[in-house]
file data-v5.tsv (TSV, C-alpha atoms)
chain	number	residue	atom	x	y	z
A	1	MET	CA	5.90	25.61	13.55
A	2	VAL	CA	6.20	24.87	9.83
A	3	SER	CA	4.67	27.53	7.59
A	4	SER	CA	1.43	26.62	5.90
A	5	GLN	CA	2.87	27.48	2.49
A	6	ILE	CA	5.59	24.84	2.86
A	7	ILE	CA	3.00	22.26	3.85
A	8	ILE	CA	0.83	23.03	0.81
A	9	LEU	CA	3.84	22.86	-1.52
A	10	ALA	CA	4.87	19.56	0.05
A	11	ILE	CA	1.36	18.13	-0.43
A	12	ILE	CA	1.39	19.15	-4.10
A	13	ALA	CA	4.90	17.74	-4.65
A	14	THR	CA	3.97	14.46	-2.91
A	15	SER	CA	0.76	14.10	-4.91
A	16	ILE	CA	2.47	14.71	-8.25
A	17	ALA	CA	5.37	12.39	-7.40
A	18	THR	CA	2.82	9.67	-6.56
A	19	PHE	CA	0.49	10.21	-9.51
A	20	ILE	CA	3.37	10.02	-12.03
A	21	SER	CA	3.96	6.35	-11.19
A	22	ARG	CA	0.26	5.50	-11.39
A	23	PHE	CA	-0.29	7.35	-14.66
A	24	MET	CA	2.84	5.90	-16.30
A	25	GLY	CA	1.50	2.51	-15.25
A	26	ALA	CA	-1.84	3.20	-16.94
A	27	LEU	CA	-0.06	4.27	-20.14
A	28	THR	CA	2.26	1.24	-20.17
A	29	SER	CA	-0.73	-1.05	-19.56
A	30	GLU	CA	-2.21	-0.06	-22.92
A	31	LYS	CA	0.63	-1.86	-24.67
A	32	VAL	CA	0.89	-4.86	-22.36
A	33	SER	CA	-1.10	-8.00	-23.03
A	34	VAL	CA	-2.20	-10.24	-20.18
A	35	LYS	CA	-0.67	-13.31	-21.79
A	36	SER	CA	2.74	-11.77	-22.44
A	37	ASN	CA	5.91	-12.54	-20.51
A	38	ILE	CA	6.40	-8.87	-19.75
A	39	PHE	CA	3.08	-8.90	-17.88
A	40	LYS	CA	4.25	-11.87	-15.80
A	41	TRP	CA	7.51	-10.09	-15.08
A	42	PHE	CA	5.72	-6.92	-13.98
A	43	ASN	CA	3.52	-9.05	-11.76
A	44	CYS	CA	6.57	-10.56	-10.03
A	45	VAL	CA	8.23	-7.15	-9.66
A	46	ALA	CA	5.02	-5.68	-8.20
A	47	TYR	CA	4.70	-8.42	-5.58
A	48	SER	CA	8.38	-8.27	-4.64
A	49	THR	CA	8.47	-4.46	-4.40
A	50	LEU	CA	5.44	-4.59	-2.17
A	51	ALA	CA	7.01	-7.35	-0.07
A	52	ALA	CA	10.21	-5.30	0.18
A	53	LEU	CA	8.22	-2.32	1.43
A	54	LEU	CA	6.39	-4.41	4.05
A	55	GLY	CA	9.63	-6.09	5.15
A	56	ARG	CA	11.19	-2.68	5.56
A	57	MET	CA	8.19	-1.39	7.52
A	58	ILE	CA	8.69	-4.18	10.06
A	59	ILE	CA	12.49	-4.08	10.31
A	60	PHE	CA	13.28	-0.40	9.64
A	61	PRO	CA	9.98	1.39	10.26
A	62	ALA	CA	9.24	5.09	9.92
A	63	GLY	CA	7.04	7.04	12.35
A	64	VAL	CA	5.87	5.84	15.76
A	65	LEU	CA	6.58	2.20	15.00
A	66	ALA	CA	10.31	3.01	15.21
A	67	GLU	CA	9.86	3.53	18.95
A	68	SER	CA	9.08	-0.14	19.58
A	69	GLU	CA	11.84	-2.73	19.72
A	70	ILE	CA	12.71	-4.71	16.63
A	71	ILE	CA	12.68	-8.07	18.42
A	72	ILE	CA	9.17	-7.37	19.71
A	73	ARG	CA	7.97	-6.35	16.24
A	74	LEU	CA	9.38	-9.58	14.78
A	75	ILE	CA	7.73	-11.72	17.46
A	76	VAL	CA	4.38	-10.00	16.88
A	77	PHE	CA	4.79	-10.37	13.13
A	78	PHE	CA	5.51	-14.11	13.16
A	79	VAL	CA	2.85	-14.85	15.77
A	80	CYS	CA	0.26	-13.05	13.65
A	81	ILE	CA	1.31	-14.83	10.45
A	82	ALA	CA	0.94	-18.11	12.36
A	83	ILE	CA	-2.54	-17.05	13.55
A	84	PHE	CA	-3.45	-16.24	9.94
A	85	ILE	CA	-2.38	-19.66	8.67
A	86	LEU	CA	-3.86	-21.60	11.60
A	87	SER	CA	-7.18	-19.76	11.42
A	88	LYS	CA	-7.61	-20.83	7.77
A	89	LYS	CA	-6.74	-17.39	6.44
A	90	ASN	CA	-8.97	-15.28	8.64
A	91	LEU	CA	-7.78	-11.69	8.28
A	92	VAL	CA	-9.52	-10.09	11.25
A	93	LEU	CA	-7.92	-12.21	13.99
A	94	PRO	CA	-4.25	-11.56	13.11
A	95	THR	CA	-4.75	-7.85	12.52
A	96	ILE	CA	-6.51	-7.27	15.84
A	97	ALA	CA	-4.01	-9.53	17.60
A	98	SER	CA	-1.10	-7.55	16.14
A	99	ALA	CA	-2.25	-4.23	17.60
A	100	ILE	CA	-3.04	-5.66	21.04
A	101	LEU	CA	0.09	-7.79	21.21
A	102	LEU	CA	2.45	-4.99	20.22
A	103	SER	CA	0.95	-2.45	22.63
A	104	PHE	CA	1.06	-5.05	25.38
A	105	LEU	CA	4.63	-6.28	24.78
A	106	THR	CA	6.00	-2.76	24.39
A	107	ASN	CA	4.81	-1.99	27.92
A	108	PHE	CA	5.84	-5.26	29.42
B	109	MET	CA	-21.42	5.18	-18.55
B	110	ILE	CA	-20.51	3.20	-15.45
B	111	ASN	CA	-22.09	-0.18	-14.92
B	112	SER	CA	-23.71	0.21	-11.52
B	113	GLN	CA	-23.83	-3.48	-10.73
B	114	ALA	CA	-20.07	-3.89	-11.21
B	115	PHE	CA	-19.44	-0.61	-9.39
B	116	PHE	CA	-21.41	-1.70	-6.33
B	117	THR	CA	-19.82	-5.15	-6.31
B	118	GLY	CA	-16.50	-3.32	-6.03
B	119	LEU	CA	-17.77	-0.92	-3.40
B	120	LYS	CA	-19.19	-3.78	-1.32
B	121	SER	CA	-15.76	-5.35	-1.00
B	122	LEU	CA	-15.37	-3.00	1.97
B	123	LYS	CA	-17.83	-5.14	3.92
B	124	GLY	CA	-17.15	-8.49	5.54
B	125	SER	CA	-14.30	-10.12	7.36
B	126	ARG	CA	-11.80	-9.67	4.53
B	127	SER	CA	-12.51	-5.97	4.48
B	128	PRO	CA	-9.57	-3.69	3.78
B	129	ALA	CA	-11.35	-1.11	5.92
B	130	ILE	CA	-9.64	-2.59	8.99
B	131	PRO	CA	-6.00	-1.86	8.05
B	132	LEU	CA	-7.04	1.34	6.28
B	133	ALA	CA	-8.73	2.51	9.46
B	134	ALA	CA	-5.72	1.67	11.61
B	135	CYS	CA	-3.16	3.36	9.43
B	136	PHE	CA	-5.09	6.44	8.36
B	137	ILE	CA	-6.21	7.15	11.94
B	138	ALA	CA	-2.55	6.98	12.95
B	139	LEU	CA	-1.65	9.20	9.99
B	140	GLY	CA	-4.28	11.80	10.93
B	141	ALA	CA	-2.85	11.94	14.45
B	142	LEU	CA	0.68	12.28	13.04
B	143	PHE	CA	-0.41	15.14	10.76
B	144	LYS	CA	-1.81	17.02	13.73
B	145	ASP	CA	1.47	16.51	15.54
B	146	ALA	CA	3.44	17.77	12.53
B	147	GLY	CA	1.48	21.03	12.49
B	148	PHE	CA	-0.94	20.37	9.59
B	149	ASN	CA	-4.44	21.80	9.72
B	150	ILE	CA	-7.43	19.59	8.97
B	151	GLN	CA	-7.89	20.80	5.38
B	152	GLN	CA	-4.26	20.03	4.59
B	153	SER	CA	-4.58	16.57	6.14
B	154	VAL	CA	-7.67	15.80	4.05
B	155	ALA	CA	-6.00	17.16	0.89
B	156	SER	CA	-2.98	14.93	1.47
B	157	SER	CA	-5.03	11.75	1.86
B	158	LEU	CA	-7.32	12.67	-1.05
B	159	PHE	CA	-4.67	13.67	-3.58
B	160	THR	CA	-1.73	11.50	-2.58
B	161	TYR	CA	-3.53	8.48	-1.11
B	162	ALA	CA	-0.41	6.39	-0.57
B	163	LEU	CA	0.55	5.92	3.04
B	164	PRO	CA	4.34	5.40	2.83
B	165	GLY	CA	4.72	8.54	0.73
B	166	GLN	CA	2.58	10.56	3.12
B	167	LEU	CA	4.67	9.34	6.06
B	168	VAL	CA	7.86	10.35	4.27
B	169	MET	CA	6.36	13.78	3.55
B	170	ALA	CA	5.23	14.42	7.14
B	171	GLU	CA	8.57	13.37	8.58
B	172	SER	CA	10.55	15.38	6.01
B	173	ILE	CA	8.55	18.52	6.75
B	174	VAL	CA	9.31	18.24	10.45
B	175	LEU	CA	13.00	17.80	9.62
B	176	GLY	CA	12.94	20.81	7.28
B	177	THR	CA	13.83	18.90	4.09
B	178	SER	CA	13.63	20.86	0.81
B	179	ILE	CA	10.60	20.40	-1.47
B	180	ILE	CA	12.68	18.90	-4.27
B	181	ASN	CA	14.13	16.30	-1.88
B	182	ILE	CA	10.65	15.48	-0.61
B	183	PHE	CA	9.56	15.02	-4.23
B	184	LEU	CA	12.44	12.60	-4.95
B	185	ALA	CA	12.04	10.64	-1.73
B	186	VAL	CA	8.29	10.22	-2.29
B	187	TRP	CA	8.78	9.29	-5.94
B	188	LEU	CA	11.21	6.54	-4.93
B	189	VAL	CA	9.06	5.13	-2.15
B	190	ASN	CA	5.90	5.23	-4.27
B	191	PHE	CA	7.52	3.95	-7.45
B	192	ARG	CA	6.07	0.53	-6.59
B	193	LEU	CA	2.76	1.87	-7.89
B	194	TYR	CA	4.16	1.70	-11.44
B	195	PRO	CA	4.68	-2.10	-11.61
B	196	MET	CA	1.51	-2.56	-9.55
B	197	THR	CA	-0.54	-0.64	-12.12
B	198	VAL	CA	1.02	-2.53	-15.03
B	199	SER	CA	0.27	-5.84	-13.35
B	200	LEU	CA	-3.39	-4.92	-12.83
B	201	PHE	CA	-4.67	-2.65	-15.58
B	202	PRO	CA	-4.15	-5.07	-18.50
B	203	LEU	CA	-6.61	-7.36	-16.67
B	204	LEU	CA	-9.22	-4.60	-16.64
B	205	LYS	CA	-8.78	-3.57	-20.28
B	206	HIS	CA	-11.71	-3.68	-22.67
B	207	LYS	CA	-11.90	-1.98	-26.03
B	208	SER	CA	-15.42	-0.69	-25.46
B	209	GLN	CA	-14.31	1.33	-22.45
B	210	PRO	CA	-13.09	4.94	-22.83
B	211	LYS	CA	-9.47	5.75	-21.96
B	212	TRP	CA	-10.28	8.49	-19.48
B	213	LYS	CA	-11.67	5.88	-17.09
B	214	TYR	CA	-8.25	4.26	-16.92
B	215	TYR	CA	-6.33	7.54	-16.75
B	216	LEU	CA	-8.41	8.87	-13.86
B	217	SER	CA	-9.02	5.67	-11.94
B	218	CYS	CA	-5.29	4.88	-11.76
B	219	HIS	CA	-5.35	7.32	-8.83
B	220	PHE	CA	-7.18	4.64	-6.81
B	221	LEU	CA	-4.18	2.35	-7.01
B	222	ALA	CA	-2.93	1.45	-3.54
B	223	VAL	CA	-1.93	-1.76	-1.83
B	224	SER	CA	-5.40	-2.42	-0.44
B	225	SER	CA	-7.36	-1.80	-3.64
B	226	TRP	CA	-4.77	-3.65	-5.73
B	227	LEU	CA	-4.93	-6.82	-3.64
B	228	ILE	CA	-8.75	-6.82	-3.63
B	229	ALA	CA	-8.95	-6.27	-7.37
B	230	LYS	CA	-6.39	-9.03	-8.04
B	231	GLU	CA	-8.41	-11.38	-5.86
B	232	GLY	CA	-11.82	-10.56	-7.32
B	233	TYR	CA	-11.52	-9.53	-10.98
B	234	ARG	CA	-12.19	-13.01	-12.36
B	235	LYS	CA	-15.76	-12.95	-11.06
B	236	ILE	CA	-16.59	-9.85	-13.08
B	237	GLU	CA	-17.43	-9.84	-16.76
B	238	LYS	CA	-14.47	-8.48	-18.77
B	239	LYS	CA	-16.37	-5.52	-20.13
B	240	HIS	CA	-17.27	-4.21	-16.66
B	241	ARG	CA	-14.04	-4.87	-14.81
B	242	ILE	CA	-12.96	-1.24	-14.91
B	243	ASP	CA	-16.24	-0.23	-13.24
B	244	PHE	CA	-15.66	-2.88	-10.59
B	245	TRP	CA	-12.24	-1.29	-10.03
B	246	ILE	CA	-13.73	2.22	-9.79
B	247	GLY	CA	-16.12	0.87	-7.15
B	248	ILE	CA	-13.28	-0.60	-5.09
B	249	GLY	CA	-11.26	2.60	-5.44
B	250	THR	CA	-14.12	4.90	-4.46
B	251	GLY	CA	-14.72	2.87	-1.32
B	252	THR	CA	-11.09	2.61	-0.22
B	253	LEU	CA	-10.23	6.24	-0.97
B	254	ALA	CA	-13.34	7.51	0.84
B	255	THR	CA	-12.48	5.31	3.84
B	256	ALA	CA	-8.93	6.67	3.90
B	257	VAL	CA	-10.06	10.30	3.78
B	258	ILE	CA	-12.78	9.91	6.43
B	259	LEU	CA	-10.43	8.11	8.79
B	260	THR	CA	-7.71	10.70	8.35
B	261	VAL	CA	-10.27	13.19	9.71
B	262	VAL	CA	-11.17	10.83	12.56
B	263	GLY	CA	-7.48	10.39	13.43
B	264	TYR	CA	-6.85	14.12	13.28
B	265	MET	CA	-9.80	14.96	15.52
B	266	SER	CA	-9.07	12.24	18.05
B	267	ALA	CA	-5.29	12.73	18.13
B	268	ASP	CA	-5.39	13.92	21.74
B	269	PHE	CA	-7.09	10.73	22.92
B	270	PHE	CA	-4.34	8.44	21.67
B	271	ASN	CA	-1.27	7.75	23.72
B	272	LYS	CA	1.95	6.58	22.12
B	273	ASP	CA	1.38	2.87	22.82
B	274	MET	CA	-1.97	2.94	21.07
B	275	LEU	CA	-0.45	4.60	18.01
B	276	ILE	CA	2.36	2.03	17.91
B	277	GLY	CA	-0.29	-0.70	18.08
B	278	LEU	CA	-2.20	0.86	15.18
B	279	ALA	CA	0.94	1.22	13.08
B	280	ILE	CA	1.74	-2.52	13.05
B	281	VAL	CA	-1.73	-3.47	11.72
B	282	ASN	CA	-0.94	-2.27	8.21
B	283	PRO	CA	2.16	-4.42	7.45
B	284	VAL	CA	0.63	-7.45	9.21
B	285	TYR	CA	-2.65	-7.26	7.27
B	286	PHE	CA	-0.98	-6.81	3.89
B	287	PHE	CA	1.53	-9.54	4.56
B	288	CYS	CA	-1.33	-11.91	5.36
B	289	MET	CA	-3.08	-10.93	2.14
B	290	MET	CA	0.10	-11.55	0.18
B	291	ILE	CA	0.53	-14.97	1.74
B	292	GLY	CA	-3.03	-15.64	0.61
B	293	ALA	CA	-1.98	-14.66	-2.93
B	294	MET	CA	0.99	-17.07	-2.97
B	295	LYS	CA	-0.70	-19.59	-5.24
B	296	ASP	CA	2.06	-20.14	-7.78
B	297	LEU	CA	5.81	-20.48	-7.55
B	298	ALA	CA	6.73	-17.12	-9.13
B	299	VAL	CA	4.54	-15.09	-6.77
B	300	SER	CA	5.71	-17.08	-3.74
B	301	ILE	CA	9.37	-16.44	-4.55
B	302	SER	CA	8.61	-12.76	-5.23
B	303	VAL	CA	7.05	-12.33	-1.79
B	304	VAL	CA	9.66	-14.26	0.20
B	305	LEU	CA	12.69	-12.87	-1.62
B	306	GLY	CA	11.33	-9.31	-1.79
B	307	SER	CA	10.62	-9.14	1.92
B	308	THR	CA	14.14	-10.38	2.71
B	309	LEU	CA	16.01	-8.26	0.18
B	310	GLY	CA	14.12	-5.06	1.03
B	311	PRO	CA	15.59	-4.65	4.53
B	312	VAL	CA	19.02	-6.03	3.46
B	313	ILE	CA	19.48	-3.51	0.62
B	314	TYR	CA	18.16	-0.78	2.93
B	315	LEU	CA	21.40	-1.17	4.92
B	316	PHE	CA	23.35	0.01	1.85
B	317	SER	CA	20.96	2.51	0.32
B	318	ALA	CA	17.85	3.62	2.17
B	319	GLU	CA	16.28	5.47	-0.74
B	320	TRP	CA	16.92	3.01	-3.55
B	321	SER	CA	16.29	-0.15	-1.55
B	322	LEU	CA	12.69	-0.71	-2.68
B	323	LEU	CA	13.46	-0.23	-6.34
B	324	PHE	CA	16.47	-2.54	-6.32
B	325	ALA	CA	14.90	-5.18	-4.08
B	326	GLY	CA	11.79	-5.23	-6.26
B	327	LEU	CA	13.70	-5.51	-9.53
B	328	ILE	CA	16.16	-8.16	-8.33
B	329	ALA	CA	13.69	-10.33	-6.41
B	330	GLY	CA	10.99	-9.95	-9.08
B	331	SER	CA	13.34	-10.88	-11.92
B	332	ILE	CA	14.70	-13.92	-10.10
B	333	ALA	CA	11.15	-15.05	-9.29
B	334	PHE	CA	10.09	-14.57	-12.91
B	335	PHE	CA	12.96	-16.66	-14.32
B	336	VAL	CA	12.58	-19.43	-11.76
B	337	GLY	CA	8.83	-19.48	-12.46
B	338	GLU	CA	9.42	-19.71	-16.22
B	339	LYS	CA	11.99	-22.50	-15.86
B	340	ASN	CA	9.54	-24.52	-13.85
B	341	GLY	CA	6.87	-24.15	-16.46
B	342	LYS	CA	4.56	-21.89	-14.49
call {"tool": "encode", "arguments": {"input": "data-v5.tsv", "output": "structure tokens"}}
result
Amino acid sequence: MVSSQIIILAIIATSIATFISRFMGALTSEKVSVKSNIFKWFNCVAYSTLAALLGRMIIFPAGVLAESEIIIRLIVFFVCIAIFILSKKNLVLPTIASAILLSFLTNF
Amino acid sequence: MINSQAFFTGLKSLKGSRSPAIPLAACFIALGALFKDAGFNIQQSVASSLFTYALPGQLVMAESIVLGTSIINIFLAVWLVNFRLYPMTVSLFPLLKHKSQPKWKYYLSCHFLAVSSWLIAKEGYRKIEKKHRIDFWIGIGTGTLATAVILTVVGYMSADFFNKDMLIGLAIVNPVYFFCMMIGAMKDLAVSISVVLGSTLGPVIYLFSAEWSLLFAGLIAGSIAFFVGEKNGK
């Protein structure tokens, strides 16, 4: 069992490490104008970093997701994206389908 | 001090079929269950979701604790995985700026920045009068953060009812939902290239450097997307 002191220290370290990025962002924003090129660049970097994170979560996941097979995760992922596009961008259908499909295929 | 109409418009974005409450529920319930497994008590689990409120970082922390990683290494690993919040804030907060609003609102409300709140705010800010956009943002953030904290508790308390297959099912909801939302946001060339290239480069660079992959993938894919977008006059 991990000591409770370590857990509390880890929570504090994690929270500070996370808040630094948010707060630096708020400070930088004061000097950035919406019409500037730097704003457009930050926008692209934000979308691509987020996409990189999501891509990594599917292909190299952390936590329980790592116990499913990669090929199954990819099938579920593409099927759900297809559902999203075909259902005229309904968000509920693909998300519910993803959970059911993955649980089902993992046991198949 | 806070415009209540804008605040509640933000808060109400939790309702309806586009609600971010669905993926938030799935992933924070799974996180609560994971915390219980890792030996956290319920107060610690709540504190983590309330003060960190960034799922990938919390996952890294919980796994590192189980592995016995040092605090300084946890700090670095979390900083790298959550560094995305920096460009995300800079690509949102200038849109919410208004000179009549006090700075503390921005400094405190940056804590609400997460994938879910960011995507909702980017989708909805145009409908809100410029002066009240920050209050709209505070409304969104209050709703999403409260949802995350409550569902961490639900996940923690119901950990024993979930079997592994159910948790795996819950864990996939988050990337699928956010990917769908990003596809919905692909309205111009630069953003479309950012999303497609970022999601490909992320896993590829991960093969060479697990910790730095997000930073590098984001910078490279984002910069390419920006230049291609500029060249094509968008």
call {"tool": "closest_atom_pairs", "arguments": {"input": "data-v5.tsv", "of": "region 150-265 of chain B", "to": "region 288-306 of chain B", "cutoff": "10 Å", "atoms": "all atoms listed in the file", "output": "JSON lines"}}
result
{"residue": "B:Ser224", "atom": "CA", "partner": "B:Met289", "partner_atom": "CA", "distance": 9.2}
{"residue": "B:Leu227", "atom": "CA", "partner": "B:Met289", "partner_atom": "CA", "distance": 7.3}
{"residue": "B:Ile228", "atom": "CA", "partner": "B:Met289", "partner_atom": "CA", "distance": 9.1}
{"residue": "B:Lys230", "atom": "CA", "partner": "B:Ala293", "partner_atom": "CA", "distance": 8.8}
{"residue": "B:Glu231", "atom": "CA", "partner": "B:Ala293", "partner_atom": "CA", "distance": 7.8}
call {"tool": "residues_around", "arguments": {"input": "data-v5.tsv", "residues": "region 94-100 of chain A", "least_positions_apart": "4", "cutoff": "9 Å", "atoms": "all atoms listed in the file", "output": "PyMOL selection string"}}
result
(chain A and resi 76-77+79-84+87+90+104-105) or (chain B and resi 130-131+274+276-282+284-285+288)
call {"tool": "atom_distance", "arguments": {"input": "data-v5.tsv", "atom1": "CA of Val168 (chain B)", "atom2": "CA of Ala129 (chain B)"}}
result
22.4 Å
call {"tool": "residues_around", "arguments": {"input": "data-v5.tsv", "residues": "Val64 (chain A)", "least_positions_apart": "5", "cutoff": "9 Å", "atoms": "only C-alpha atoms", "output": "ChimeraX atom specification"}}
result
/B:138,142,272-273,275-276,279
call {"tool": "closest_residue", "arguments": {"input": "data-v5.tsv", "among": "A:Leu102, A:Met24, A:Ile16, A:Val32", "to": "Leu65 (chain A)", "atoms": "only C-alpha atoms"}}
result
A:Leu102
call {"tool": "residues_around", "arguments": {"input": "data-v5.tsv", "residues": "Ala256 (chain B)", "least_positions_apart": "6", "cutoff": "7 Å", "atoms": "all atoms listed in the file", "output": "PyMOL selection string"}}
result
chain B and resi 132-133+136+157
call {"tool": "closest_residue", "arguments": {"input": "data-v5.tsv", "among": "A:Ala66, A:Leu9, A:Ala52, A:Leu27", "to": "chain B", "atoms": "all atoms listed in the file"}}
result
A:Ala52
call {"tool": "atom_distance", "arguments": {"input": "data-v5.tsv", "atom1": "CA of Leu193 (chain B)", "atom2": "CA of Ser68 (chain A)"}}
result
28.3 Å
call {"tool": "axis_aligned_box", "arguments": {"input": "data-v5.tsv", "around": "region 83-89 of chain A", "padding_each_side": "8 Å", "output": "AutoDock Vina command-line options"}}
result
--center_x -5.0 --center_y -18.9 --center_z 10.0 --size_x 21.2 --size_y 21.4 --size_z 23.1
call {"tool": "closest_residue", "arguments": {"input": "data-v5.tsv", "among": "B:Ile328, B:Lys238, B:Val174, B:Leu203", "to": "Lys144 (chain B)", "atoms": "only C-alpha atoms"}}
result
B:Val174
call {"tool": "closest_residue", "arguments": {"input": "data-v5.tsv", "among": "A:Gln5, A:Thr18, A:Ala10, A:Ile38", "to": "Thr160 (chain B)", "atoms": "only C-alpha atoms"}}
result
A:Thr18
call {"tool": "atom_distance", "arguments": {"input": "data-v5.tsv", "atom1": "CA of Lys89 (chain A)", "atom2": "CA of Met57 (chain A)"}}
result
21.9 Å
call {"tool": "residues_around", "arguments": {"input": "data-v5.tsv", "residues": "Lys207 (chain B)", "least_positions_apart": "5", "cutoff": "12 Å", "atoms": "only C-alpha atoms", "output": "MDAnalysis selection string"}}
result
(chainID A and resid 30) or (chainID B and resid 202 213:214 238:242)
call {"tool": "write_last_selection", "arguments": {"input": "data-v5.tsv", "atoms": "C-alpha atoms", "output": "short mmCIF file (atom, residue, chain, number, x, y, z; two decimals), in the frame of the given file"}}
result
data_model
loop_
_atom_site.label_atom_id
_atom_site.label_comp_id
_atom_site.auth_asym_id
_atom_site.auth_seq_id
_atom_site.Cartn_x
_atom_site.Cartn_y
_atom_site.Cartn_z
CA GLU A 30 -2.21 -0.06 -22.92
CA PRO B 202 -4.15 -5.07 -18.50
CA LYS B 213 -11.67 5.88 -17.09
CA TYR B 214 -8.25 4.26 -16.92
CA LYS B 238 -14.47 -8.48 -18.77
CA LYS B 239 -16.37 -5.52 -20.13
CA HIS B 240 -17.27 -4.21 -16.66
CA ARG B 241 -14.04 -4.87 -14.81
CA ILE B 242 -12.96 -1.24 -14.91
#
